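For reference, final.cif is printed below; it contains mmCIF, C-alpha atoms, pLDDT in the B column; chains and numbers go by the auth columns.
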```cif
data_coords
#
loop_
_atom_site.group_PDB
_atom_site.id
_atom_site.type_symbol
_atom_site.label_atom_id
_atom_site.label_comp_id
_atom_site.label_asym_id
_atom_site.label_seq_id
_atom_site.Cartn_x
_atom_site.Cartn_y
_atom_site.Cartn_z
_atom_site.B_iso_or_equiv
_atom_site.auth_seq_id
_atom_site.auth_asym_id
ATOM 1 C CA MET A 1 109.477 80.300 79.234 53.00 16 N
ATOM 2 C CA PHE A 2 106.496 82.280 80.486 63.00 17 N
ATOM 3 C CA ASN A 3 104.400 80.277 82.947 81.00 18 N
ATOM 4 C CA ILE A 4 100.845 81.626 83.375 84.00 19 N
ATOM 5 C CA GLN A 5 100.093 79.308 86.295 84.00 20 N
ATOM 6 C CA GLN A 6 103.119 80.552 88.229 84.00 21 N
ATOM 7 C CA MET A 7 102.138 84.154 87.456 82.00 22 N
ATOM 8 C CA MET A 8 98.611 83.527 88.759 86.00 23 N
ATOM 9 C CA LYS A 9 100.010 82.042 91.994 87.00 24 N
ATOM 10 C CA GLN A 10 102.233 85.082 92.398 85.00 25 N
ATOM 11 C CA ALA A 11 99.276 87.407 91.784 85.00 26 N
ATOM 12 C CA GLN A 12 97.167 85.565 94.371 89.00 27 N
ATOM 13 C CA LYS A 13 99.999 85.751 96.894 89.00 28 N
ATOM 14 C CA MET A 14 100.326 89.501 96.294 88.00 29 N
ATOM 15 C CA GLN A 15 96.573 89.951 96.671 90.00 30 N
ATOM 16 C CA ASP A 16 96.635 88.081 99.992 91.00 31 N
ATOM 17 C CA GLN A 17 99.560 90.183 101.210 91.00 32 N
ATOM 18 C CA MET A 18 97.777 93.396 100.226 91.00 33 N
ATOM 19 C CA LYS A 19 94.675 92.301 102.135 92.00 34 N
ATOM 20 C CA ASP A 20 96.825 91.576 105.194 92.00 35 N
ATOM 21 C CA ILE A 21 98.398 95.023 104.957 92.00 36 N
ATOM 22 C CA GLN A 22 95.005 96.708 104.679 91.00 37 N
ATOM 23 C CA GLU A 23 93.771 94.855 107.769 93.00 38 N
ATOM 24 C CA GLU A 24 96.939 95.776 109.659 94.00 39 N
ATOM 25 C CA MET A 25 96.592 99.423 108.639 94.00 40 N
ATOM 26 C CA GLU A 26 92.985 99.494 109.871 93.00 41 N
ATOM 27 C CA ARG A 27 94.191 98.393 113.321 95.00 42 N
ATOM 28 C CA THR A 28 97.129 100.806 113.417 96.00 43 N
ATOM 29 C CA GLU A 29 96.776 104.270 114.905 97.00 44 N
ATOM 30 C CA PHE A 30 98.695 107.245 113.525 98.00 45 N
ATOM 31 C CA THR A 31 99.242 110.490 115.394 98.00 46 N
ATOM 32 C CA GLY A 32 99.634 113.878 113.792 98.00 47 N
ATOM 33 C CA THR A 33 100.785 116.914 115.725 98.00 48 N
ATOM 34 C CA ALA A 34 101.131 120.626 115.175 98.00 49 N
ATOM 35 C CA GLY A 35 102.330 123.586 117.191 96.00 50 N
ATOM 36 C CA GLY A 36 104.738 121.529 119.246 96.00 51 N
ATOM 37 C CA GLY A 37 101.929 119.317 120.489 96.00 52 N
ATOM 38 C CA ALA A 38 99.327 122.068 120.879 97.00 53 N
ATOM 39 C CA VAL A 39 97.058 119.999 118.626 98.00 54 N
ATOM 40 C CA ILE A 40 97.208 116.211 118.423 98.00 55 N
ATOM 41 C CA VAL A 41 94.978 114.121 116.166 98.00 56 N
ATOM 42 C CA THR A 42 94.794 110.354 115.907 98.00 57 N
ATOM 43 C CA CYS A 43 93.492 108.326 112.981 97.00 58 N
ATOM 44 C CA ASN A 44 93.664 104.774 111.727 96.00 59 N
ATOM 45 C CA GLY A 45 94.999 103.487 108.426 95.00 60 N
ATOM 46 C CA LYS A 46 91.607 104.003 106.777 94.00 61 N
ATOM 47 C CA TYR A 47 91.926 107.762 107.421 95.00 62 N
ATOM 48 C CA GLU A 48 89.177 107.567 110.036 96.00 63 N
ATOM 49 C CA PHE A 49 89.961 110.193 112.646 96.00 64 N
ATOM 50 C CA LEU A 50 89.572 108.859 116.165 97.00 65 N
ATOM 51 C CA SER A 51 90.470 111.757 118.441 98.00 66 N
ATOM 52 C CA VAL A 52 91.490 115.398 118.597 97.00 67 N
ATOM 53 C CA LYS A 53 93.282 116.908 121.577 98.00 68 N
ATOM 54 C CA ILE A 54 93.771 120.662 121.843 97.00 69 N
ATOM 55 C CA ASN A 55 96.020 122.408 124.353 96.00 70 N
ATOM 56 C CA GLN A 56 94.190 125.129 126.323 95.00 71 N
ATOM 57 C CA GLU A 57 96.551 127.892 125.122 92.00 72 N
ATOM 58 C CA ALA A 58 95.824 127.044 121.482 93.00 73 N
ATOM 59 C CA MET A 59 92.165 127.939 122.031 93.00 74 N
ATOM 60 C CA ASN A 60 92.989 131.589 122.622 94.00 75 N
ATOM 61 C CA ASP A 61 93.524 132.319 118.923 95.00 76 N
ATOM 62 C CA LYS A 62 90.813 130.976 116.611 95.00 77 N
ATOM 63 C CA ASP A 63 92.745 131.524 113.367 96.00 78 N
ATOM 64 C CA MET A 64 95.881 129.896 114.737 96.00 79 N
ATOM 65 C CA LEU A 65 93.841 126.983 116.113 97.00 80 N
ATOM 66 C CA GLU A 66 92.234 126.376 112.723 96.00 81 N
ATOM 67 C CA ASP A 67 95.686 126.314 111.096 97.00 82 N
ATOM 68 C CA LEU A 68 97.057 123.967 113.759 97.00 83 N
ATOM 69 C CA VAL A 69 94.148 121.530 113.428 97.00 84 N
ATOM 70 C CA LEU A 70 94.590 121.461 109.655 98.00 85 N
ATOM 71 C CA ALA A 71 98.345 120.922 109.997 98.00 86 N
ATOM 72 C CA ALA A 72 97.862 118.079 112.490 98.00 87 N
ATOM 73 C CA LEU A 73 95.302 116.403 110.189 98.00 88 N
ATOM 74 C CA LYS A 74 97.722 116.644 107.278 98.00 89 N
ATOM 75 C CA ASP A 75 100.551 115.273 109.416 98.00 90 N
ATOM 76 C CA ALA A 76 98.519 112.216 110.433 98.00 91 N
ATOM 77 C CA SER A 77 97.282 111.654 106.860 97.00 92 N
ATOM 78 C CA ASN A 78 100.829 111.876 105.514 97.00 93 N
ATOM 79 C CA LYS A 79 101.982 109.273 108.028 97.00 94 N
ATOM 80 C CA VAL A 80 99.240 106.897 106.885 96.00 95 N
ATOM 81 C CA SER A 81 100.156 107.418 103.213 95.00 96 N
ATOM 82 C CA GLU A 82 103.889 107.008 103.786 95.00 97 N
ATOM 83 C CA THR A 83 103.406 103.836 105.812 95.00 98 N
ATOM 84 C CA MET A 84 101.091 102.353 103.183 92.00 99 N
ATOM 85 C CA GLU A 85 103.570 103.189 100.405 91.00 100 N
ATOM 86 C CA GLN A 86 106.430 101.550 102.304 91.00 101 N
ATOM 87 C CA LYS A 87 104.451 98.395 102.999 90.00 102 N
ATOM 88 C CA MET A 88 103.112 98.100 99.449 87.00 103 N
ATOM 89 C CA SER A 89 106.523 98.704 97.887 86.00 104 N
ATOM 90 C CA LYS A 90 107.844 95.656 99.729 85.00 105 N
ATOM 91 C CA ILE A 91 105.171 93.544 98.050 83.00 106 N
ATOM 92 C CA THR A 92 105.585 94.972 94.567 76.00 107 N
ATOM 93 C CA ALA A 93 109.394 95.161 94.638 74.00 108 N
ATOM 94 C CA GLY A 94 110.835 93.314 91.710 59.00 109 N
ATOM 95 C CA LEU A 95 107.462 92.903 90.039 61.00 110 N
ATOM 96 C CA ASN A 96 108.260 91.937 86.476 56.00 111 N
ATOM 97 C CA ILE A 97 105.439 91.014 84.164 51.00 112 N
ATOM 98 C CA PRO A 98 106.724 89.634 80.852 53.00 113 N
ATOM 99 C CA GLY A 99 105.841 91.820 77.887 51.00 114 N
ATOM 100 C CA LEU A 100 104.887 94.764 80.075 45.00 115 N
ATOM 101 C CA LYS A 101 107.358 97.591 80.541 48.00 116 N
ATOM 102 C CA LEU A 102 106.400 99.673 83.577 44.00 117 N
ATOM 103 C CA PRO A 103 108.112 103.009 84.263 46.00 118 N
ATOM 104 C CA GLY A 104 110.731 102.643 86.945 44.00 119 N
ATOM 105 C CA PHE A 105 110.956 98.841 86.647 40.00 120 N
#
```
C-alpha cells encoding of this file:
Amino acid sequence: MFNIQQMMKQAQKMQDQMKDIQEEMERTEFTGTAGGGAVIVTCNGKYEFLSVKINQEAMNDKDMLEDLVLAALKDASNKVSETMEQKMSKITAGLNIPGLKLPGF
C-alpha cells in the first residue's frame, strides 16, 4: 500500500542529500585544459571561474589563444556537469513514485 508519510521522508532525505552535493560542488575545484596544457582554467562547481593560466608560447597567436581559452572553459564546464550528473544519479537511482511513469525508470 502507498504510504504518503514514507514518501515524504524519502523526499526530505533526497532534498538533504542534494543540498549536501551542492555544497560539496561549491567547494570542489575543476580544471580544464587545452593545447596540451597551454591554457589551464579552474572553476568551482557553481561554474565560477577562479583562475586562467596561459603558457607564453600560446600568446604568440591571438586566434589560436582564443580557441584554446574557449576549449579549456568548455572542458572545465563539462567536468562540472559530468560530476554533478554522477552524484545526482546516485541519489535518484531507483526513484519510483507510484502512479508516475518516468521515461527510463
Practice task
Tell me, in Å to one decimal, how far atom CA of N:Ser92 is from atom CA of N:Ala73.
Solution key: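 We find that atom CA of N:Ser92 and atom CA of N:Ala73 lie 21.3 Å from each other.
Against the coordinates shown, the PyMOL selection byres ((chain N and resi 41) around 7) returns N:Gln37, N:Glu38, N:Glu39, N:Met40, N:Arg42, N:Thr43, N:Asn59, N:Gly60, N:Lys61.
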- [ ] Calculate how many Å separate atom CA of N:Val95 from atom CA of N:Leu83, rounding to one decimal.
- [x]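 Rounded to one decimal, the two atoms are 18.5 Å apart.
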Requested in this report: Write out as an MDAnalysis selection string which residues come within 8 Å of N:Ser66 when counting only C-alpha atoms, dropping same-chain ones fewer than 6 positions away.
Outcome: chainID N and resid 56:58
Print the selection's residues with C-alpha atoms to a file, as a compact mmCIF listing (two decimals), in the frame of the given file.
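In the end it all went to again-v5.txt:
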```txt
# COMPACT_ATOMS: atom_id res chain seq x y z
CA VAL N 56 94.98 114.12 116.17
CA THR N 57 94.79 110.35 115.91
CA CYS N 58 93.49 108.33 112.98
```
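Among the candidates N:Lys94, N:Lys77, N:Glu63, N:Lys24, the one nearest to N:Thr46 when counting all atoms listed in the file is N:Lys94.
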re atom CA of N:Lys34 and atom CA of N:Met103: distance 10.6 Å
Show me, as AutoDock Vina command-line options, the centre and edge lengths in Å to one decimal of the axis-aligned box that covers every listed atom of stretch 92-99 of chain N with 8 Å on each side.
```
--center_x 100.6 --center_y 107.1 --center_z 105.6 --size_x 22.6 --size_y 25.5 --size_z 20.8
```
Residues around (100.9, 122.6, 117.5), cut-off 8 Å, counting only C-alpha atoms - what are they as a PDB file with C-alpha atoms, keeping the file's coordinate frame?
```pdb
ATOM      1  CA  THR N  48     100.785 116.914 115.725  1.00 98.00           C
ATOM      2  CA  ALA N  49     101.131 120.626 115.175  1.00 98.00           C
ATOM      3  CA  GLY N  50     102.330 123.586 117.191  1.00 96.00           C
ATOM      4  CA  GLY N  51     104.738 121.529 119.246  1.00 96.00           C
ATOM      5  CA  GLY N  52     101.929 119.317 120.489  1.00 96.00           C
ATOM      6  CA  ALA N  53      99.327 122.068 120.879  1.00 97.00           C
ATOM      7  CA  VAL N  54      97.058 119.999 118.626  1.00 98.00           C
ATOM      8  CA  ILE N  55      97.208 116.211 118.423  1.00 98.00           C
ATOM      9  CA  ALA N  73      95.824 127.044 121.482  1.00 93.00           C
ATOM     10  CA  LEU N  83      97.057 123.967 113.759  1.00 97.00           C
ATOM     11  CA  VAL N  84      94.148 121.530 113.428  1.00 97.00           C
ATOM     12  CA  ALA N  87      97.862 118.079 112.490  1.00 98.00           C
TER      13      ALA N  87
END
```
